[in-house]
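Colleague: Have a look at this one before I ask anything.
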Amino acid sequence: MGLLIDGVWHDQWYDTDSTGGRFERNEAKFRNWITADGRAGPSGEGGFAAEPGRYHLYVSWACPWAHRTLIYRKLKGLEDMISLSVTHWFMGEKGWTFADGPGVIPDPIHHADFIHQIYQAAVPDMTGRCTVPLIWDKQRNAIVTNESAEIIRMFNSAFDGVGATPGDYCPADKRDEIDELNKRIYHTVNNGVYKSGFATSQQAYEEAVEPLFDTLDFLEDRLSHQRYLCGDAITEADWRLLPTLLRFDLVYHGHFKCNRRRIVDYPNLWGYTRDLYQQPGIADTCNFEHAKRHYYESHDTVNPTGIVPVGPDVDFNTSHGRS
Ligand SMILES: N[C@@H](CCC(=O)N[C@@H](CS)C(=O)NCC(=O)O)C(=O)O
């Protein structure tokens with residue numbers, strides 16, 4: 001794990017000394033938008049029109065942020081339009097790599113050994129973390145974006161005019177509700193598990209883990225009277241929550257000490273997780289072997305032995321009974 005400083009790679013873990021043991025996630029640096037006609041989006045510059053074959057997506061199967069983008073690539077039928085590379089699950093001193101391994105898809109553009117080489121190719125003197133997911137523009141030889149929340153908003157509609165599968169997971173009349181849910185779920189659940197797991201003081205850990213379970217209780221209640229977070233149709237709020245729920249019992253409960261309860265202990269959240277997992281194509285976006293091995297093997301400050309637990313046995317395929 002590390003970062004680029006003035007274009008040079010440094011092996012460096014997150015700094016929690018200056019923040020009282022709290023893990024603080026850096027903002028993504030590349031914030032351009034792919035749009036239907038290439039007009040600039042809400043941030044960054046224009047010139048990134050939605051053209052089949054032009055963009056390449058770099059992900060890790062392990063990463064929940066990247067998982068969102070894989071879900072949207074699948075749902076919106078973008079697999080033939082946006083090519084894909086997948087890193088090795090182990091993120092060590094050189095960061096994400098393309099070392100050979102099951103499920104790895106090498107980089108056909110830069111033939112990179114490491115994800116940070118793609119960032120260096122875009123900005124030779126870059127300073128910052130080299131995260132996945134990441135979209136590369138093969139035409140302009142540039143990084144478009146490395147922010148998953150924005151990538152899924154683009155995938156939702158930008159390619160609709162060039163043959164994407166119909167489906168709007170962020171309809172205008174639901175947007176405020178979706179944004180509000182996303183905000184709470186991002187801070188307390190999606191990022192909450194990381195804040196708990198990467199905390200290096202008791203106080204920082206408890207500050208993260210308590211709101212995490214408060215939100216899970218809130219979601220459990222909400223899902224007791226409606227099938228999905230915004231009613232009877234699946235929206236972006238659901239797709240953003242799912243990658244964290246899928247990893248929760250397998251990884252976060254043990255590795256990140258988010259262990260007040262498991263998802264299987266919440267009848268509604270557990271049924272809901274299986275309901276979403278069983279939607280067409282979603283299972284193909286999951287690789288639980290990469291997810292488990294990534295966290296337990298890569299985070300040596302959290303799990304110094306690198307031992308990967310054998311359990312738990314979780315079956316996402318059992319009948320969910322939700323309607
Ligand atoms: N804001 C980013 C966060 C992405 C992110 O943090 N990805 C992790 C993997 S789960 C990563 O690549 N971490 C490497 C690092 O922090 O150096 C997004 O949502 O796209």
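Ligands are numbered from 1 in the order shown, chains are lettered A, B, ... in the order of the structure tokens, and residues start at 1 in each chain.
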Select the residues contacting ligand 1 at a distance of at most 6 Å, based on only C-alpha atoms and all ligand atoms, then format the selection as a PyMOL selection string.
Modeller: chain A and resi 1-2+28+63-65+129-133+146-149
Colleague: For the residues in the current selection, export N, CA and C atoms as a PDB file, in the first residue's frame.
Modeller:
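Listed below is the output, part.pdb:
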ATOM      1  N   MET A   1       0.854  -1.197   0.000  1.00  0.00           N
ATOM      2  CA  MET A   1       0.000   0.000   0.000  1.00  0.00           C
ATOM      3  C   MET A   1       0.883   1.238   0.000  1.00  0.00           C
ATOM      4  N   GLY A   2       0.559   2.170  -0.843  1.00  0.00           N
ATOM      5  CA  GLY A   2       1.377   3.372  -0.874  1.00  0.00           C
ATOM      6  C   GLY A   2       0.742   4.446  -1.723  1.00  0.00           C
ATOM      7  N   ALA A  28     -11.188  11.634  -4.353  1.00  0.00           N
ATOM      8  CA  ALA A  28     -10.670  11.197  -5.654  1.00  0.00           C
ATOM      9  C   ALA A  28     -10.226  12.423  -6.455  1.00  0.00           C
ATOM     10  N   CYS A  63     -12.685  -4.870  -4.296  1.00  0.00           N
ATOM     11  CA  CYS A  63     -12.987  -3.513  -3.845  1.00  0.00           C
ATOM     12  C   CYS A  63     -14.487  -3.205  -3.952  1.00  0.00           C
ATOM     13  N   PRO A  64     -15.102  -2.774  -2.860  1.00  0.00           N
ATOM     14  CA  PRO A  64     -16.536  -2.494  -2.917  1.00  0.00           C
ATOM     15  C   PRO A  64     -16.884  -1.290  -3.790  1.00  0.00           C
ATOM     16  N   TRP A  65     -15.947  -0.342  -3.891  1.00  0.00           N
ATOM     17  CA  TRP A  65     -16.194   0.847  -4.732  1.00  0.00           C
ATOM     18  C   TRP A  65     -16.149   0.434  -6.193  1.00  0.00           C
ATOM     19  N   ARG A 129      -3.051   8.968  -3.999  1.00  0.00           N
ATOM     20  CA  ARG A 129      -3.242   7.532  -3.918  1.00  0.00           C
ATOM     21  C   ARG A 129      -3.723   7.007  -5.262  1.00  0.00           C
ATOM     22  N   CYS A 130      -3.340   5.778  -5.540  1.00  0.00           N
ATOM     23  CA  CYS A 130      -3.646   5.193  -6.844  1.00  0.00           C
ATOM     24  C   CYS A 130      -4.696   4.118  -6.654  1.00  0.00           C
ATOM     25  N   THR A 131      -5.936   4.547  -6.689  1.00  0.00           N
ATOM     26  CA  THR A 131      -7.059   3.692  -6.319  1.00  0.00           C
ATOM     27  C   THR A 131      -7.744   3.083  -7.548  1.00  0.00           C
ATOM     28  N   VAL A 132      -8.505   2.053  -7.293  1.00  0.00           N
ATOM     29  CA  VAL A 132      -9.490   1.541  -8.246  1.00  0.00           C
ATOM     30  C   VAL A 132     -10.863   1.827  -7.649  1.00  0.00           C
ATOM     31  N   PRO A 133     -11.875   2.008  -8.463  1.00  0.00           N
ATOM     32  CA  PRO A 133     -11.920   1.935  -9.919  1.00  0.00           C
ATOM     33  C   PRO A 133     -11.354   3.198 -10.580  1.00  0.00           C
ATOM     34  N   ASN A 146     -11.700   8.694 -11.310  1.00  0.00           N
ATOM     35  CA  ASN A 146     -11.460   7.586 -10.379  1.00  0.00           C
ATOM     36  C   ASN A 146     -12.408   7.685  -9.184  1.00  0.00           C
ATOM     37  N   GLU A 147     -13.618   8.128  -9.436  1.00  0.00           N
ATOM     38  CA  GLU A 147     -14.622   8.259  -8.372  1.00  0.00           C
ATOM     39  C   GLU A 147     -15.840   7.387  -8.705  1.00  0.00           C
ATOM     40  N   SER A 148     -16.000   6.319  -7.937  1.00  0.00           N
ATOM     41  CA  SER A 148     -17.045   5.333  -8.253  1.00  0.00           C
ATOM     42  C   SER A 148     -18.453   5.903  -8.191  1.00  0.00           C
ATOM     43  N   ALA A 149     -18.696   6.815  -7.254  1.00  0.00           N
ATOM     44  CA  ALA A 149     -20.055   7.363  -7.121  1.00  0.00           C
ATOM     45  C   ALA A 149     -20.457   8.071  -8.407  1.00  0.00           C
TER      46      ALA A 149
END
Colleague: Hey, what's within 9 Å of Pro106 (chain A) if we count only C-alpha atoms and toss same-chain stuff fewer than 4 positions away? As JSON, numbers by chain, please?
Modeller: {"A": [84, 85, 86, 87, 98, 99, 100, 111, 112, 113]}
Colleague: Excluding same-chain residues fewer than 5 positions from Phe23 (chain A), what lies within 7 Å of it counting only C-alpha atoms, as a PyMOL selection string?
Modeller: chain A and resi 16+195+198-199
Colleague: Going by DSSP on the backbone, which residues of region 57-124 of chain A come out as alpha helix (DSSP H)? List them as a PyMOL selection string.
Modeller: chain A and resi 64-75+115-122
Colleague: Considering only C-alpha atoms, return as a ChimeraX atom specification whatever protein or nucleic-acid residues lie within 10 Å of region 46-52 of chain A, sequence-local ones (same chain, fewer than 5 positions apart) excluded.
Modeller: /A:32-41,78-83,137,139-140,144,154-155,157-164
Colleague: Can you build me a table of region 252-308 of chain A residues sitting at most 9 Å from region 215-234 of chain A, with the closest atom pair per residue and its distance in Å to one decimal, using only C-alpha atoms, sorted by chain and residue number, as CSV?
Modeller:
residue,atom,partner,partner_atom,distance
A:Ile263,CA,A:Leu216,CA,8.7
A:Tyr266,CA,A:Glu220,CA,6.6
A:Pro267,CA,A:Glu220,CA,7.8
A:Asn268,CA,A:Glu220,CA,5.7
A:Leu269,CA,A:Glu220,CA,5.5
A:Trp270,CA,A:Glu220,CA,9.0
A:Tyr272,CA,A:Arg227,CA,7.3
A:Leu276,CA,A:Ile234,CA,8.5
Colleague: Output N, CA and C atoms of each residue in that selection to a file, as a PDB file, in the first residue's frame.
Modeller:
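Saved file part.pdb follows:
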ATOM      1  N   ILE A 263     -24.911  -9.607   9.136  1.00  0.00           N
ATOM      2  CA  ILE A 263     -26.075  -9.322   8.272  1.00  0.00           C
ATOM      3  C   ILE A 263     -27.093 -10.466   8.385  1.00  0.00           C
ATOM      4  N   TYR A 266     -30.026  -9.965  10.747  1.00  0.00           N
ATOM      5  CA  TYR A 266     -31.103  -9.005  10.450  1.00  0.00           C
ATOM      6  C   TYR A 266     -32.003  -9.636   9.384  1.00  0.00           C
ATOM      7  N   PRO A 267     -33.202 -10.098   9.740  1.00  0.00           N
ATOM      8  CA  PRO A 267     -34.022 -10.822   8.763  1.00  0.00           C
ATOM      9  C   PRO A 267     -34.272 -10.033   7.478  1.00  0.00           C
ATOM     10  N   ASN A 268     -34.571  -8.747   7.598  1.00  0.00           N
ATOM     11  CA  ASN A 268     -34.896  -7.980   6.387  1.00  0.00           C
ATOM     12  C   ASN A 268     -33.660  -7.653   5.560  1.00  0.00           C
ATOM     13  N   LEU A 269     -32.609  -7.196   6.218  1.00  0.00           N
ATOM     14  CA  LEU A 269     -31.377  -6.886   5.479  1.00  0.00           C
ATOM     15  C   LEU A 269     -30.796  -8.130   4.814  1.00  0.00           C
ATOM     16  N   TRP A 270     -30.926  -9.244   5.472  1.00  0.00           N
ATOM     17  CA  TRP A 270     -30.366 -10.477   4.930  1.00  0.00           C
ATOM     18  C   TRP A 270     -31.180 -10.948   3.719  1.00  0.00           C
ATOM     19  N   TYR A 272     -32.982  -9.012   1.846  1.00  0.00           N
ATOM     20  CA  TYR A 272     -32.747  -7.955   0.847  1.00  0.00           C
ATOM     21  C   TYR A 272     -31.401  -8.159   0.129  1.00  0.00           C
ATOM     22  N   LEU A 276     -31.135  -8.792  -3.929  1.00  0.00           N
ATOM     23  CA  LEU A 276     -30.319  -8.025  -4.884  1.00  0.00           C
ATOM     24  C   LEU A 276     -29.271  -8.916  -5.548  1.00  0.00           C
TER      25      LEU A 276
END
Colleague: Between A:Thr145, A:His56, A:Phe288, A:Asp6, which has the minimum distance to Gly44 (chain A) (counting only C-alpha atoms)?
Modeller: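 Between A:Thr145, A:His56, A:Phe288, A:Asp6, the residue approaching Gly44 (chain A) most closely is A:Thr145.
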Colleague: Run DSSP on the backbone and tell me which residues of region 115-208 of chain A come out as strand (DSSP E); list them as a count of residues only.
Modeller: 10
Colleague: CA of Glu297 (chain A) to CA of Thr244 (chain A): how many Å, to one decimal?
Modeller: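 Those two atoms sit 18.6 Å apart.
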Colleague: Find the residues near Trp136 (chain A): any atom within 9 Å, counting only C-alpha atoms, skip ones fewer than 6 places away on the same chain, and give them as an NGL selection string.
Modeller: :A and (54-58 or 118 or 122 or 142-145)
Colleague: Give the answer as one residue: which of A:Glu236, A:His290, A:Gly21, A:Lys257 has the shortest atom-to-atom distance to Asp176 (chain A), using only C-alpha atoms?
Modeller: A:Glu236
Colleague: Could you tell me how far CA of Trp89 (chain A) lies from CA of Val8 (chain A), in Å and to one decimal?
Modeller: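 Distance between the two atoms: 22.9 Å.
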Colleague: CA of Gln279 (chain A) and CA of Leu75 (chain A) are how many Å apart?
Modeller: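 Separating CA of Gln279 (chain A) from CA of Leu75 (chain A) is a distance of 9.5 Å.
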Colleague: Give me the residues within 10 Å of Thr200 (chain A) as a ChimeraX atom specification, counting only C-alpha atoms and dropping any in the same chain fewer than 6 places off.
Modeller: /A:15-17,19-23,301-302
